[in-house]
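Shown below: data.cif, with mmCIF, C-alpha atoms and all ligand atoms.
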```
data_data
loop_
_atom_site.label_atom_id
_atom_site.label_comp_id
_atom_site.auth_asym_id
_atom_site.auth_seq_id
_atom_site.Cartn_x
_atom_site.Cartn_y
_atom_site.Cartn_z
CA MET A 175 -18.25 -33.60 9.49
CA LEU A 176 -16.92 -31.90 6.39
CA PRO A 177 -17.95 -33.51 3.10
CA THR A 178 -15.52 -36.26 2.12
CA ALA A 179 -13.36 -35.75 -0.94
CA THR A 180 -14.55 -37.46 -4.10
CA PRO A 181 -12.13 -39.07 -6.59
CA GLU A 182 -12.04 -35.77 -8.55
CA THR A 183 -10.41 -34.20 -5.51
CA ASN A 184 -7.30 -36.40 -5.70
CA ALA A 185 -4.69 -33.73 -4.98
CA TYR A 186 -2.36 -34.86 -7.75
CA GLU A 187 -5.16 -34.74 -10.34
CA VAL A 188 -5.92 -31.23 -9.12
CA ALA A 189 -2.25 -30.24 -9.49
CA LEU A 190 -2.15 -31.61 -13.05
CA GLU A 191 -5.42 -29.87 -13.98
CA ASN A 192 -4.13 -26.51 -12.71
CA PHE A 193 -0.85 -27.05 -14.57
CA ASP A 194 -2.74 -27.67 -17.83
CA LEU A 195 -4.81 -24.51 -17.36
CA ALA A 196 -1.63 -22.45 -16.90
CA ALA A 197 0.24 -24.17 -19.75
CA ASN A 198 -2.72 -23.52 -22.08
CA ALA A 199 -2.96 -19.87 -21.06
CA LEU A 200 0.79 -19.50 -21.69
CA GLU A 201 0.48 -21.46 -24.97
CA LEU A 202 3.43 -23.62 -23.87
CA GLU A 203 4.87 -25.99 -26.45
CA GLU A 204 4.26 -29.73 -25.89
CA ASN A 205 8.02 -30.35 -25.61
CA VAL A 206 8.31 -27.95 -22.69
CA ARG A 207 5.22 -29.39 -21.00
CA ALA A 208 6.70 -32.88 -21.24
CA MET A 209 9.84 -31.69 -19.45
CA ILE A 210 8.29 -29.80 -16.54
CA LYS A 211 4.90 -31.31 -15.77
CA TYR A 212 5.78 -34.55 -13.95
CA PRO A 213 8.01 -35.36 -10.94
CA GLU A 214 11.69 -36.01 -11.71
CA ARG A 215 12.13 -38.62 -8.94
CA ILE A 216 9.84 -40.55 -6.62
CA LEU A 217 11.31 -42.56 -3.76
CA CYS A 218 9.14 -44.87 -1.67
CA VAL A 219 10.71 -46.22 1.51
CA SER A 220 9.91 -48.72 4.21
CA VAL A 221 10.34 -47.29 7.70
CA PRO A 222 10.43 -50.02 10.37
CA VAL A 223 10.28 -48.59 13.89
CA ARG A 224 10.67 -50.30 17.26
CA MET A 225 7.65 -49.13 19.24
CA ASP A 226 7.77 -48.57 23.01
CA ASN A 227 6.08 -51.94 23.61
CA GLY A 228 8.93 -53.77 21.85
CA HIS A 229 7.01 -54.57 18.63
CA ILE A 230 8.32 -53.43 15.26
CA PHE A 231 5.81 -51.48 13.18
CA ARG A 232 6.47 -50.77 9.51
CA TYR A 233 5.52 -47.31 8.25
CA GLU A 234 5.67 -46.15 4.64
CA GLY A 235 7.40 -42.94 3.61
CA TYR A 236 8.07 -40.97 0.43
CA ARG A 237 10.32 -38.27 -0.93
CA VAL A 238 9.33 -36.76 -4.26
CA GLN A 239 11.51 -34.35 -6.23
CA HIS A 240 9.21 -32.70 -8.71
CA SER A 241 11.75 -30.28 -10.19
CA THR A 242 15.39 -29.30 -9.91
CA THR A 243 15.29 -27.01 -12.94
CA ARG A 244 15.70 -23.72 -11.05
CA GLY A 245 17.74 -25.08 -8.13
CA PRO A 246 17.81 -27.86 -5.51
CA ALA A 247 14.46 -29.50 -4.71
CA LYS A 248 12.82 -27.80 -1.71
CA GLY A 249 9.84 -28.67 0.42
CA GLY A 250 8.59 -29.96 3.70
CA ILE A 251 7.99 -33.36 5.24
CA ARG A 252 4.51 -34.26 6.42
CA TYR A 253 3.60 -36.80 9.12
CA HIS A 254 -0.11 -37.57 8.81
CA PRO A 255 -2.33 -40.68 8.67
CA ASN A 256 -3.72 -39.63 5.23
CA VAL A 257 -0.33 -39.24 3.49
CA THR A 258 -0.30 -41.05 0.12
CA VAL A 259 2.18 -40.99 -2.74
CA ASP A 260 -0.29 -38.97 -4.83
CA GLU A 261 -0.62 -36.38 -2.09
CA VAL A 262 3.17 -36.04 -1.82
CA LYS A 263 3.44 -35.77 -5.64
CA ALA A 264 0.87 -32.96 -5.61
CA LEU A 265 2.58 -31.13 -2.76
CA ALA A 266 5.97 -31.45 -4.50
CA THR A 267 4.50 -30.08 -7.74
CA TRP A 268 3.02 -27.09 -5.92
CA MET A 269 6.43 -26.40 -4.30
CA THR A 270 7.99 -26.02 -7.77
CA TRP A 271 5.50 -23.34 -8.84
CA LYS A 272 5.59 -21.74 -5.37
CA CYS A 273 9.39 -21.28 -5.34
CA ALA A 274 9.15 -19.85 -8.86
CA VAL A 275 6.34 -17.42 -7.91
CA VAL A 276 8.45 -15.91 -5.12
CA ASN A 277 11.49 -16.20 -7.40
CA ILE A 278 13.81 -18.06 -5.04
CA PRO A 279 16.44 -20.34 -6.63
CA PHE A 280 14.85 -23.66 -5.72
CA GLY A 281 12.89 -26.39 -7.44
CA GLY A 282 10.14 -28.34 -5.69
CA GLY A 283 10.04 -31.43 -3.51
CA LYS A 284 8.04 -32.93 -0.67
CA GLY A 285 8.21 -35.84 1.72
CA GLY A 286 5.75 -37.65 3.89
CA VAL A 287 5.30 -40.59 6.22
CA THR A 288 1.89 -42.20 6.68
CA CYS A 289 1.64 -42.17 10.47
CA ASN A 290 -0.26 -40.55 13.31
CA PRO A 291 2.28 -38.67 15.43
CA LYS A 292 -0.50 -37.70 17.85
CA GLU A 293 -0.64 -41.33 18.95
CA MET A 294 3.12 -41.87 19.14
CA SER A 295 5.56 -41.20 21.99
CA ILE A 296 8.39 -38.73 21.51
CA GLY A 297 10.88 -41.64 21.40
CA GLU A 298 8.86 -43.39 18.68
CA ILE A 299 8.74 -40.16 16.64
CA GLU A 300 12.51 -39.75 16.99
CA ARG A 301 13.19 -43.35 15.86
CA LEU A 302 10.75 -42.97 12.95
CA THR A 303 12.43 -39.71 11.91
CA ARG A 304 15.98 -41.05 12.05
CA ARG A 305 15.09 -44.19 10.10
CA TYR A 306 13.12 -42.22 7.50
CA ALA A 307 15.98 -39.69 7.21
CA SER A 308 18.51 -42.45 6.60
CA ALA A 309 16.20 -44.04 4.01
CA ILE A 310 15.95 -40.79 1.98
CA LEU A 311 19.59 -39.86 2.64
CA PRO A 312 20.77 -40.58 -0.94
CA LEU A 313 18.41 -37.89 -2.23
CA ILE A 314 18.85 -35.06 0.27
CA GLY A 315 21.65 -32.55 0.83
CA PRO A 316 22.12 -28.78 0.84
CA GLU A 317 22.86 -28.73 -2.91
CA GLN A 318 20.32 -31.45 -3.82
CA ASP A 319 17.12 -31.44 -1.86
CA ILE A 320 16.38 -29.58 1.36
CA PRO A 321 13.48 -30.74 3.58
CA ALA A 322 11.62 -28.53 6.08
CA PRO A 323 8.62 -28.78 8.41
CA ASP A 324 5.08 -29.32 7.14
CA VAL A 325 1.90 -30.65 8.80
CA TYR A 326 2.78 -32.23 12.21
CA THR A 327 6.57 -31.93 11.81
CA THR A 328 8.55 -29.58 14.04
CA PRO A 329 11.96 -27.88 14.54
CA GLN A 330 12.90 -30.80 16.84
CA ILE A 331 12.20 -33.26 14.01
CA MET A 332 14.38 -31.12 11.69
CA ALA A 333 17.16 -31.26 14.32
CA TRP A 334 17.03 -35.10 14.27
CA ILE A 335 17.21 -35.12 10.46
CA MET A 336 20.16 -32.71 10.55
CA ASP A 337 21.89 -34.91 13.15
CA THR A 338 21.25 -38.19 11.28
CA TYR A 339 22.58 -36.71 8.03
CA SER A 340 25.58 -35.09 9.75
CA MET A 341 26.56 -38.27 11.62
CA THR A 342 26.70 -40.27 8.40
CA LYS A 343 28.78 -37.53 6.71
CA GLY A 344 31.08 -37.17 9.71
CA TYR A 345 30.72 -33.39 10.00
CA PRO A 346 27.84 -31.00 10.77
CA VAL A 347 25.67 -30.04 7.78
CA PRO A 348 23.09 -27.50 9.00
CA GLY A 349 22.03 -26.58 5.43
CA VAL A 350 20.50 -30.03 4.80
CA VAL A 351 17.19 -28.95 6.35
CA THR A 352 15.45 -25.68 7.18
CA GLY A 353 13.04 -24.87 9.98
CA LYS A 354 15.69 -25.98 12.50
CA PRO A 355 15.94 -24.71 16.06
CA ILE A 356 17.79 -21.36 16.15
CA CYS A 357 20.78 -22.75 18.07
CA LEU A 358 21.46 -25.29 15.28
CA GLY A 359 21.53 -22.77 12.46
CA GLY A 360 17.81 -22.01 12.20
CA SER A 361 16.70 -18.57 11.09
CA LEU A 362 14.97 -16.03 13.28
CA GLY A 363 11.47 -15.54 11.96
CA ARG A 364 11.21 -18.99 10.29
CA ASN A 365 8.68 -20.35 12.76
CA GLU A 366 6.16 -17.58 12.10
CA ALA A 367 7.10 -17.08 8.42
CA THR A 368 4.14 -18.87 6.80
CA GLY A 369 1.57 -17.00 8.92
CA ARG A 370 3.42 -13.71 8.42
CA GLY A 371 3.47 -14.22 4.65
CA VAL A 372 -0.28 -14.94 4.71
CA PHE A 373 -0.72 -11.70 6.67
CA TYR A 374 1.21 -9.64 4.07
CA THR A 375 -0.78 -11.05 1.15
CA VAL A 376 -4.05 -10.41 3.00
CA LEU A 377 -2.98 -6.78 3.61
CA SER A 378 -2.15 -6.37 -0.10
CA SER A 379 -5.53 -7.88 -1.09
CA CYS A 380 -7.46 -5.64 1.30
CA GLU A 381 -5.64 -2.65 -0.16
CA GLN A 382 -6.53 -3.66 -3.74
CA LEU A 383 -10.17 -4.36 -2.88
CA GLY A 384 -10.62 -1.31 -0.66
CA ILE A 385 -11.47 -3.38 2.43
CA PRO A 386 -10.30 -1.79 5.71
CA VAL A 387 -8.33 -4.32 7.78
CA LYS A 388 -9.52 -2.63 10.96
CA GLU A 389 -12.66 -4.48 12.04
CA ALA A 390 -12.56 -6.87 9.06
CA ARG A 391 -14.09 -10.17 10.19
CA VAL A 392 -11.72 -13.13 9.93
CA VAL A 393 -12.42 -16.88 10.08
CA VAL A 394 -9.53 -19.34 10.41
CA GLN A 395 -9.98 -23.02 9.62
CA GLY A 396 -7.02 -24.87 11.19
CA PHE A 397 -5.19 -23.38 14.17
CA GLY A 398 -1.73 -24.84 13.65
CA ASN A 399 1.46 -22.92 12.93
CA ALA A 400 0.18 -21.04 9.84
CA GLY A 401 -3.41 -20.40 10.97
CA SER A 402 -2.70 -19.29 14.53
CA ILE A 403 0.07 -16.87 13.52
CA ALA A 404 -1.96 -15.34 10.67
CA ALA A 405 -4.82 -14.93 13.18
CA HIS A 406 -2.50 -13.34 15.71
CA LEU A 407 -1.04 -10.81 13.23
CA LEU A 408 -4.49 -9.88 11.88
CA ASP A 409 -5.78 -9.51 15.44
CA SER A 410 -2.84 -7.17 16.18
CA ALA A 411 -3.83 -5.16 13.09
CA GLN A 412 -7.30 -4.75 14.68
CA ALA A 413 -9.15 -7.20 12.47
CA VAL A 414 -11.71 -9.28 14.41
CA VAL A 415 -11.23 -13.05 14.37
CA ILE A 416 -14.78 -14.35 14.87
CA GLY A 417 -14.27 -18.05 14.18
CA ALA A 418 -11.54 -20.68 14.41
CA SER A 419 -11.24 -24.45 14.29
CA ASP A 420 -8.76 -27.28 14.76
CA SER A 421 -9.06 -30.98 13.91
CA ARG A 422 -11.43 -31.48 16.89
CA ILE A 423 -13.67 -28.44 17.24
CA ALA A 424 -14.91 -25.18 15.65
CA ILE A 425 -15.66 -22.13 17.81
CA TYR A 426 -17.31 -18.77 17.26
CA ASN A 427 -17.74 -15.43 18.98
CA ARG A 428 -19.33 -12.66 16.95
CA HIS A 429 -17.56 -10.00 19.03
CA GLY A 430 -14.19 -11.60 18.32
CA LEU A 431 -12.16 -14.36 19.96
CA ASP A 432 -9.36 -13.32 22.31
CA ILE A 433 -6.54 -14.58 20.08
CA PRO A 434 -3.55 -14.29 22.49
CA LYS A 435 -5.58 -16.22 25.09
CA LEU A 436 -6.70 -18.77 22.48
CA ILE A 437 -3.08 -19.40 21.46
CA THR A 438 -2.07 -19.91 25.11
CA HIS A 439 -5.07 -22.24 25.61
CA LYS A 440 -4.10 -24.30 22.56
CA GLU A 441 -0.46 -24.50 23.71
CA ARG A 442 -1.53 -25.60 27.19
CA THR A 443 -4.28 -28.11 26.29
CA GLY A 444 -3.35 -29.09 22.72
CA SER A 445 -6.79 -28.10 21.42
CA LEU A 446 -9.30 -25.25 21.08
CA LYS A 447 -11.74 -27.38 23.12
CA GLY A 448 -12.93 -25.87 26.39
CA PHE A 449 -12.04 -22.28 25.47
CA PRO A 450 -14.32 -19.93 27.42
CA ALA A 451 -16.15 -16.99 25.80
CA ALA A 452 -16.89 -18.87 22.57
CA GLU A 453 -19.69 -21.08 21.35
CA GLU A 454 -19.12 -24.41 19.65
CA ILE A 455 -20.31 -24.62 16.04
CA THR A 456 -20.00 -27.29 13.35
CA PRO A 457 -17.17 -27.25 10.77
CA GLU A 458 -19.76 -26.47 8.05
CA GLU A 459 -21.11 -23.54 10.04
CA LEU A 460 -17.57 -22.20 10.48
CA LEU A 461 -16.93 -22.16 6.72
CA SER A 462 -20.25 -20.46 6.01
CA LEU A 463 -19.84 -17.63 8.56
CA GLU A 464 -20.25 -14.21 6.99
CA CYS A 465 -16.83 -12.53 7.04
CA GLU A 466 -14.39 -10.48 4.99
CA ILE A 467 -11.42 -12.87 5.19
CA LEU A 468 -11.64 -16.68 5.29
CA ILE A 469 -8.34 -18.48 5.88
CA PRO A 470 -8.35 -22.23 5.19
CA ALA A 471 -5.18 -23.27 7.05
CA ALA A 472 -5.71 -27.01 7.48
CA LEU A 473 -5.38 -29.63 4.74
CA GLU A 474 -6.33 -30.13 1.07
CA ASN A 475 -9.89 -30.27 -0.24
CA THR A 476 -11.75 -28.50 2.55
CA ILE A 477 -13.63 -26.19 0.16
CA ILE A 478 -15.14 -28.41 -2.51
CA GLU A 479 -18.05 -28.39 -4.95
CA ALA A 480 -20.48 -29.51 -2.22
CA ASN A 481 -19.85 -26.60 0.17
CA ALA A 482 -18.39 -23.75 -1.94
CA HIS A 483 -21.81 -22.18 -2.49
CA THR A 484 -22.23 -21.74 1.31
CA ILE A 485 -19.13 -19.51 1.57
CA ARG A 486 -19.85 -15.88 2.47
CA THR A 487 -16.56 -14.03 2.39
CA ARG A 488 -14.84 -11.39 0.23
CA ILE A 489 -11.36 -12.97 0.40
CA VAL A 490 -10.18 -16.58 0.67
CA ALA A 491 -6.52 -16.70 1.77
CA GLU A 492 -5.10 -20.20 1.21
CA ALA A 493 -2.69 -20.69 4.11
CA ALA A 494 -2.96 -24.48 3.53
CA ASN A 495 -1.79 -26.20 0.36
CA GLY A 496 -4.61 -27.15 -2.00
CA PRO A 497 -7.63 -26.38 0.24
CA VAL A 498 -9.90 -25.37 -2.70
CA THR A 499 -10.67 -27.79 -5.54
CA PRO A 500 -10.99 -26.64 -9.19
CA GLU A 501 -14.80 -27.10 -9.04
CA ALA A 502 -14.95 -24.94 -5.93
CA ASP A 503 -12.64 -22.40 -7.62
CA ARG A 504 -15.19 -21.98 -10.39
CA ILE A 505 -18.03 -21.50 -7.87
CA LEU A 506 -16.05 -18.94 -5.84
CA ASP A 507 -15.15 -17.12 -9.06
CA ARG A 508 -18.81 -16.85 -10.02
CA LYS A 509 -19.59 -15.49 -6.55
CA GLY A 510 -16.90 -12.82 -7.00
CA VAL A 511 -14.75 -14.09 -4.12
CA PHE A 512 -11.13 -12.90 -4.34
CA LEU A 513 -8.79 -15.86 -3.83
CA ILE A 514 -5.15 -15.60 -2.74
CA PRO A 515 -3.82 -18.92 -4.10
CA ASP A 516 -1.71 -21.20 -1.90
CA ILE A 517 1.46 -20.96 -3.99
CA LEU A 518 1.47 -17.22 -3.30
CA CYS A 519 -0.37 -16.96 0.03
CA ASN A 520 1.66 -19.50 2.03
CA ALA A 521 5.01 -18.95 0.29
CA GLY A 522 6.38 -17.02 3.28
CA GLY A 523 7.45 -20.32 4.87
CA VAL A 524 9.66 -21.45 2.03
CA THR A 525 10.92 -17.90 1.51
CA VAL A 526 12.36 -17.76 5.03
CA SER A 527 13.59 -21.34 4.53
CA TYR A 528 15.60 -19.91 1.64
CA PHE A 529 16.91 -17.17 3.94
CA GLU A 530 17.86 -19.86 6.48
CA TRP A 531 19.73 -21.88 3.85
CA VAL A 532 21.58 -18.75 2.68
CA GLN A 533 22.58 -17.92 6.28
CA ASP A 534 23.75 -21.53 6.89
CA GLU A 535 25.84 -21.50 3.71
CA GLN A 536 27.42 -18.16 4.68
CA HIS A 537 27.71 -18.92 8.42
CA LEU A 538 26.43 -15.41 8.94
CA PHE A 539 23.11 -14.77 10.67
CA TRP A 540 20.59 -11.93 10.34
CA ASP A 541 18.45 -10.27 12.99
CA ALA A 542 14.68 -10.78 13.08
CA GLN A 543 13.83 -7.36 11.66
CA ASP A 544 16.09 -8.02 8.68
CA VAL A 545 14.25 -11.29 8.02
CA TYR A 546 10.82 -9.61 8.31
CA ASN A 547 11.80 -6.75 5.99
CA ARG A 548 13.14 -9.10 3.34
CA LEU A 549 10.08 -11.36 3.66
CA GLU A 550 7.71 -8.41 3.34
CA ARG A 551 9.51 -7.26 0.21
CA VAL A 552 9.35 -10.72 -1.40
CA MET A 553 5.68 -11.25 -0.54
CA LYS A 554 4.55 -7.81 -1.71
CA THR A 555 6.56 -7.98 -4.95
CA SER A 556 5.19 -11.45 -5.71
CA PHE A 557 1.63 -10.38 -4.90
CA ASN A 558 1.96 -7.39 -7.25
CA GLU A 559 3.36 -9.57 -10.04
CA VAL A 560 0.50 -12.07 -9.73
CA PHE A 561 -2.08 -9.29 -9.42
CA LYS A 562 -0.77 -7.66 -12.60
CA ILE A 563 -1.22 -10.90 -14.57
CA HIS A 564 -4.72 -11.23 -13.06
CA VAL A 565 -5.61 -7.73 -14.34
CA ASP A 566 -3.71 -7.71 -17.67
CA HIS A 567 -4.85 -11.18 -18.78
CA LYS A 568 -8.29 -11.04 -17.10
CA VAL A 569 -7.70 -14.40 -15.38
CA ASN A 570 -8.40 -15.37 -11.78
CA MET A 571 -5.65 -15.18 -9.17
CA ARG A 572 -5.03 -18.97 -9.14
CA LEU A 573 -4.41 -19.04 -12.87
CA ALA A 574 -2.34 -15.85 -12.67
CA ALA A 575 -0.05 -17.36 -9.98
CA ASN A 576 0.29 -20.63 -11.91
CA MET A 577 1.10 -18.70 -15.09
CA LEU A 578 3.87 -16.84 -13.27
CA GLY A 579 5.31 -19.98 -11.63
CA VAL A 580 4.99 -22.34 -14.60
CA GLY A 581 6.22 -19.59 -16.94
CA ARG A 582 9.42 -19.09 -14.94
CA VAL A 583 10.16 -22.83 -14.84
CA ALA A 584 9.46 -23.10 -18.58
CA GLU A 585 11.87 -20.25 -19.31
CA ALA A 586 14.58 -21.93 -17.21
CA VAL A 587 14.13 -25.36 -18.82
CA LYS A 588 14.32 -23.88 -22.31
CA LEU A 589 17.64 -22.22 -21.45
CA ARG A 590 19.06 -25.40 -19.92
CA GLY A 591 17.91 -27.55 -22.82
CA LEU A 592 17.58 -31.33 -22.87
CA TYR A 593 20.40 -33.53 -21.54
CA PRO A 594 22.08 -35.54 -23.06
N1 LIG A 601 5.95 -26.95 4.14
C1 LIG A 601 6.02 -25.57 3.74
C2 LIG A 601 5.29 -25.37 2.43
O1 LIG A 601 4.41 -26.12 2.08
C3 LIG A 601 7.44 -25.01 3.76
C4 LIG A 601 8.42 -25.72 2.87
C5 LIG A 601 9.87 -25.26 3.06
O2 LIG A 601 10.12 -24.38 3.86
O3 LIG A 601 10.70 -25.83 2.39
O4 LIG A 601 5.50 -24.41 1.73
#
```

I'd like the structure from this file rewritten - as structure tokens, please.
Amino acid sequence: MLPTATPETNAYEVALENFDLAANALELEENVRAMIKYPERILCVSVPVRMDNGHIFRYEGYRVQHSTTRGPAKGGIRYHPNVTVDEVKALATWMTWKCAVVNIPFGGGKGGVTCNPKEMSIGEIERLTRRYASAILPLIGPEQDIPAPDVYTTPQIMAWIMDTYSMTKGYPVPGVVTGKPICLGGSLGRNEATGRGVFYTVLSSCEQLGIPVKEARVVVQGFGNAGSIAAHLLDSAQAVVIGASDSRIAIYNRHGLDIPKLITHKERTGSLKGFPAAEEITPEELLSLECEILIPAALENTIIEANAHTIRTRIVAEAANGPVTPEADRILDRKGVFLIPDILCNAGGVTVSYFEWVQDEQHLFWDAQDVYNRLERVMKTSFNEVFKIHVDHKVNMRLAANMLGVGRVAEAVKLRGLYP
């Protein structure tokens, strides 16, 4: 078992602490802080669902709009048993700084429903989704707030949200969500965008640190959409993925796991369990494997004060949102670990969501290579901007990214001024 999070690892407290560090470093005026620090809107909804056995079960859901200063709120919807309003507030806050770091014209939002989709039938998930979508309907829309997939939500779920919204409007509105299936106005390259963005930022980091990607040892915690695709791209670039885990098991092979086969195995069985040519290790052992690149790609608070000292890597690439707590940040800093912060590292997903929204609005679609080229340009430019702040201001990469993101939102809010 991984160590359980303590009260200090409340994700929203972490988000506020990191905001304060950036605001202090930027010497932001109190008036500006007051306008950009906290969520603009928080909606809590009841989601009653008729289960397959005929009983009605009430779920709780949220949609938080942290900021619409730079554009419509943007951010995914999470279905997970541990979803709380504080978690959704934190995730929405991080979306604001993330969209600003990659300089796309969006604010930040996030949604979530406290549920366990792994224990629900497809029909139950569809009914939950449609009822949740109609409950948050007053807040969402292509010019207002645009949801997308997050942990345990899929293109199919986005299609149901698009359909529910469109049916109440009376005409199709593909731009209300991103991460849709391609045939409904989804973008080529969206599905792999988060993992591909992680890959680009890892390449940039290796270049800066003089670490050859060829034969670099990689460990991936969490083998979902982001983790498995980052692993696959690094494997194709001849890095060696020696360890991986999902919510059930951690596995290791010091000569390298066969990543294409592991992806097929996970697709077929739903887990990494039973994969041949690998030994089972504990989650703690996985995180403490000696490697060049460690990719936490699961949930928040997996690298915390209690285990940060066991980490033996050169680079931590945060494919997940909020995997490293501020206490663990300080320990990793002292150890000289180079961290690619979440709001930069995993921003490829929302960047291609932006491309999808642009294509939907224009009714004109791009080919996959066009999407990859544009994504690569955005990720590399953003990495270089954050890296420059890191060097010029002698601050760690987390603070540098937050300074860039918070700074851009502060500039925008000052220009807009205070209404009324
Ligand atoms: N859920 C993803 C994230 O945390 C993507 C959000 C989006 O595409 O809007 O960045």

- Task: Could you check how far atom CA of Gly496 of chain A sits from atom CA of Lys509 of chain A, in Å to one decimal?
- Result: 19.5 Å

- Task: Around ligand LIG 601 (chain A), at most 10 Å away and counting all atoms listed in the file, which residues are there? Put them as a VMD selection string, please.
- Result: chain A and resid 247 to 252 265 to 266 268 to 270 272 to 273 280 282 to 285 319 to 325 327 351 to 353 364 to 365 367 to 368 400 493 to 496 516 to 531

- Message: Could you check the closest approach to Pro497 of chain A for each of A:Pro348, A:Pro434, A:Gly396, A:Gly297 and tell me which residue wins, using all atoms listed in the file?
- Response: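 Among A:Pro348, A:Pro434, A:Gly396, A:Gly297, it is A:Gly396 that comes nearest to Pro497 of chain A.
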
- Item | Using all atoms listed in the file: which of A:Lys388, A:Pro457, A:Ser402, A:Ala189 has the shortest distance to Arg422 of chain A |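 Answer, going by the shortest atom-to-atom distance: A:Pro457.
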
- Item | Atomic distance atom CA of His240 of chain A - atom CA of Val287 of chain A, expressed in Å with one decimal |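 Going from atom CA of His240 of chain A over to atom CA of Val287 of chain A covers 17.3 Å.
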
- Task: Compare A:Asn198, A:Ser419, A:Thr243, A:Thr499 by their minimum atom-to-atom distance to Leu436 of chain A, counting all atoms listed in the file, and give me the closest one.
- Result: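 Closest candidate: A:Ser419.
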
- Query: What separation in Å, quoted to one decimal, exists between atom CA of Asn427 of chain A and atom CA of Glu464 of chain A?
  - Reply: 12.3 Å

- Query: Quick one: residues within 9 Å of Tyr233 of chain A, all atoms listed in the file counted, chain neighbours fewer than 6 positions away excluded, as a PyMOL selection string?
  - Reply: chain A and resi 219-223+287-289+302

- Task: Can you pull out every residue within 8 Å of Ile478 of chain A, counting all atoms listed in the file, but drop anything in the same chain fewer than 6 positions away, and send it as a list in words?
- Result: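 Within the cut-off, the hits are Ala179, Val498, Thr499, Glu501 and Ala502 of chain A.
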
- Item | Exercise: Val580 of chain A partners within 10 Å, only C-alpha atoms, chain neighbours under 4 positions left out, as a VMD selection string | chain A and resid 193 to 194 196 to 197 200 202 207 210 to 211 270 to 272 274 to 275 574 to 576 584 to 586

- Item | Spatial neighbours of Asp260 of chain A, max dist 9 Å, all atoms listed in the file, sep filter under 5 positions, as a VMD selection string | chain A and resid 184 to 187 265

- Near Ile514 of chain A, within 10 Å and counting all atoms listed in the file, which residues show up once chain neighbours fewer than 3 positions away are dropped, as a ChimeraX atom specification? /A:372,375-376,379,469,489-493,511,517-520,557,560-561,570-572,575

- Counting only C-alpha atoms, the residue among A:Gly369, A:Gly384, A:Pro594, A:Pro470 that lies closest to Glu550 of chain A is A:Gly369

- Item | Residues within 12 Å of (26.9, -32.5, 8.1), counting all atoms listed in the file, listed as a list in words |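 Applying the cut-off with all atoms listed in the file, one gets Leu311, Ile314, Gly315, Pro316, Ala333, Trp334, Ile335, Met336, Asp337, Thr338, Tyr339, Ser340, Met341, Thr342, Lys343, Gly344, Tyr345, Pro346, Val347, Pro348, Gly349, Val350, Val351, Leu358, Gly359, Asp534 and Glu535 of chain A.
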
- Which residue, A:Glu317, A:Glu474, A:Glu466, A:Glu453, has the smallest gap to Ala413 of chain A when you use only C-alpha atoms? A:Glu466

Need a file for segment 398-411 of chain A from that block: C-alpha atoms, written as a PDB file, in the first residue's frame.
```
ATOM      1  CA  GLY A 398      -4.079   4.569 -18.158  1.00  0.00           C
ATOM      2  CA  ASN A 399      -4.368   6.834 -21.185  1.00  0.00           C
ATOM      3  CA  ALA A 400      -1.519   9.219 -20.260  1.00  0.00           C
ATOM      4  CA  GLY A 401       0.912   6.696 -18.741  1.00  0.00           C
ATOM      5  CA  SER A 402       0.608   3.961 -21.356  1.00  0.00           C
ATOM      6  CA  ILE A 403       1.012   6.350 -24.300  1.00  0.00           C
ATOM      7  CA  ALA A 404       3.992   8.154 -22.756  1.00  0.00           C
ATOM      8  CA  ALA A 405       5.527   4.703 -22.133  1.00  0.00           C
ATOM      9  CA  HIS A 406       4.827   3.651 -25.705  1.00  0.00           C
ATOM     10  CA  LEU A 407       6.407   6.776 -27.251  1.00  0.00           C
ATOM     11  CA  LEU A 408       9.483   6.558 -24.996  1.00  0.00           C
ATOM     12  CA  ASP A 409       9.810   2.854 -25.822  1.00  0.00           C
ATOM     13  CA  SER A 410       9.688   3.754 -29.548  1.00  0.00           C
ATOM     14  CA  ALA A 411      12.474   6.290 -28.893  1.00  0.00           C
TER      15      ALA A 411
END
```
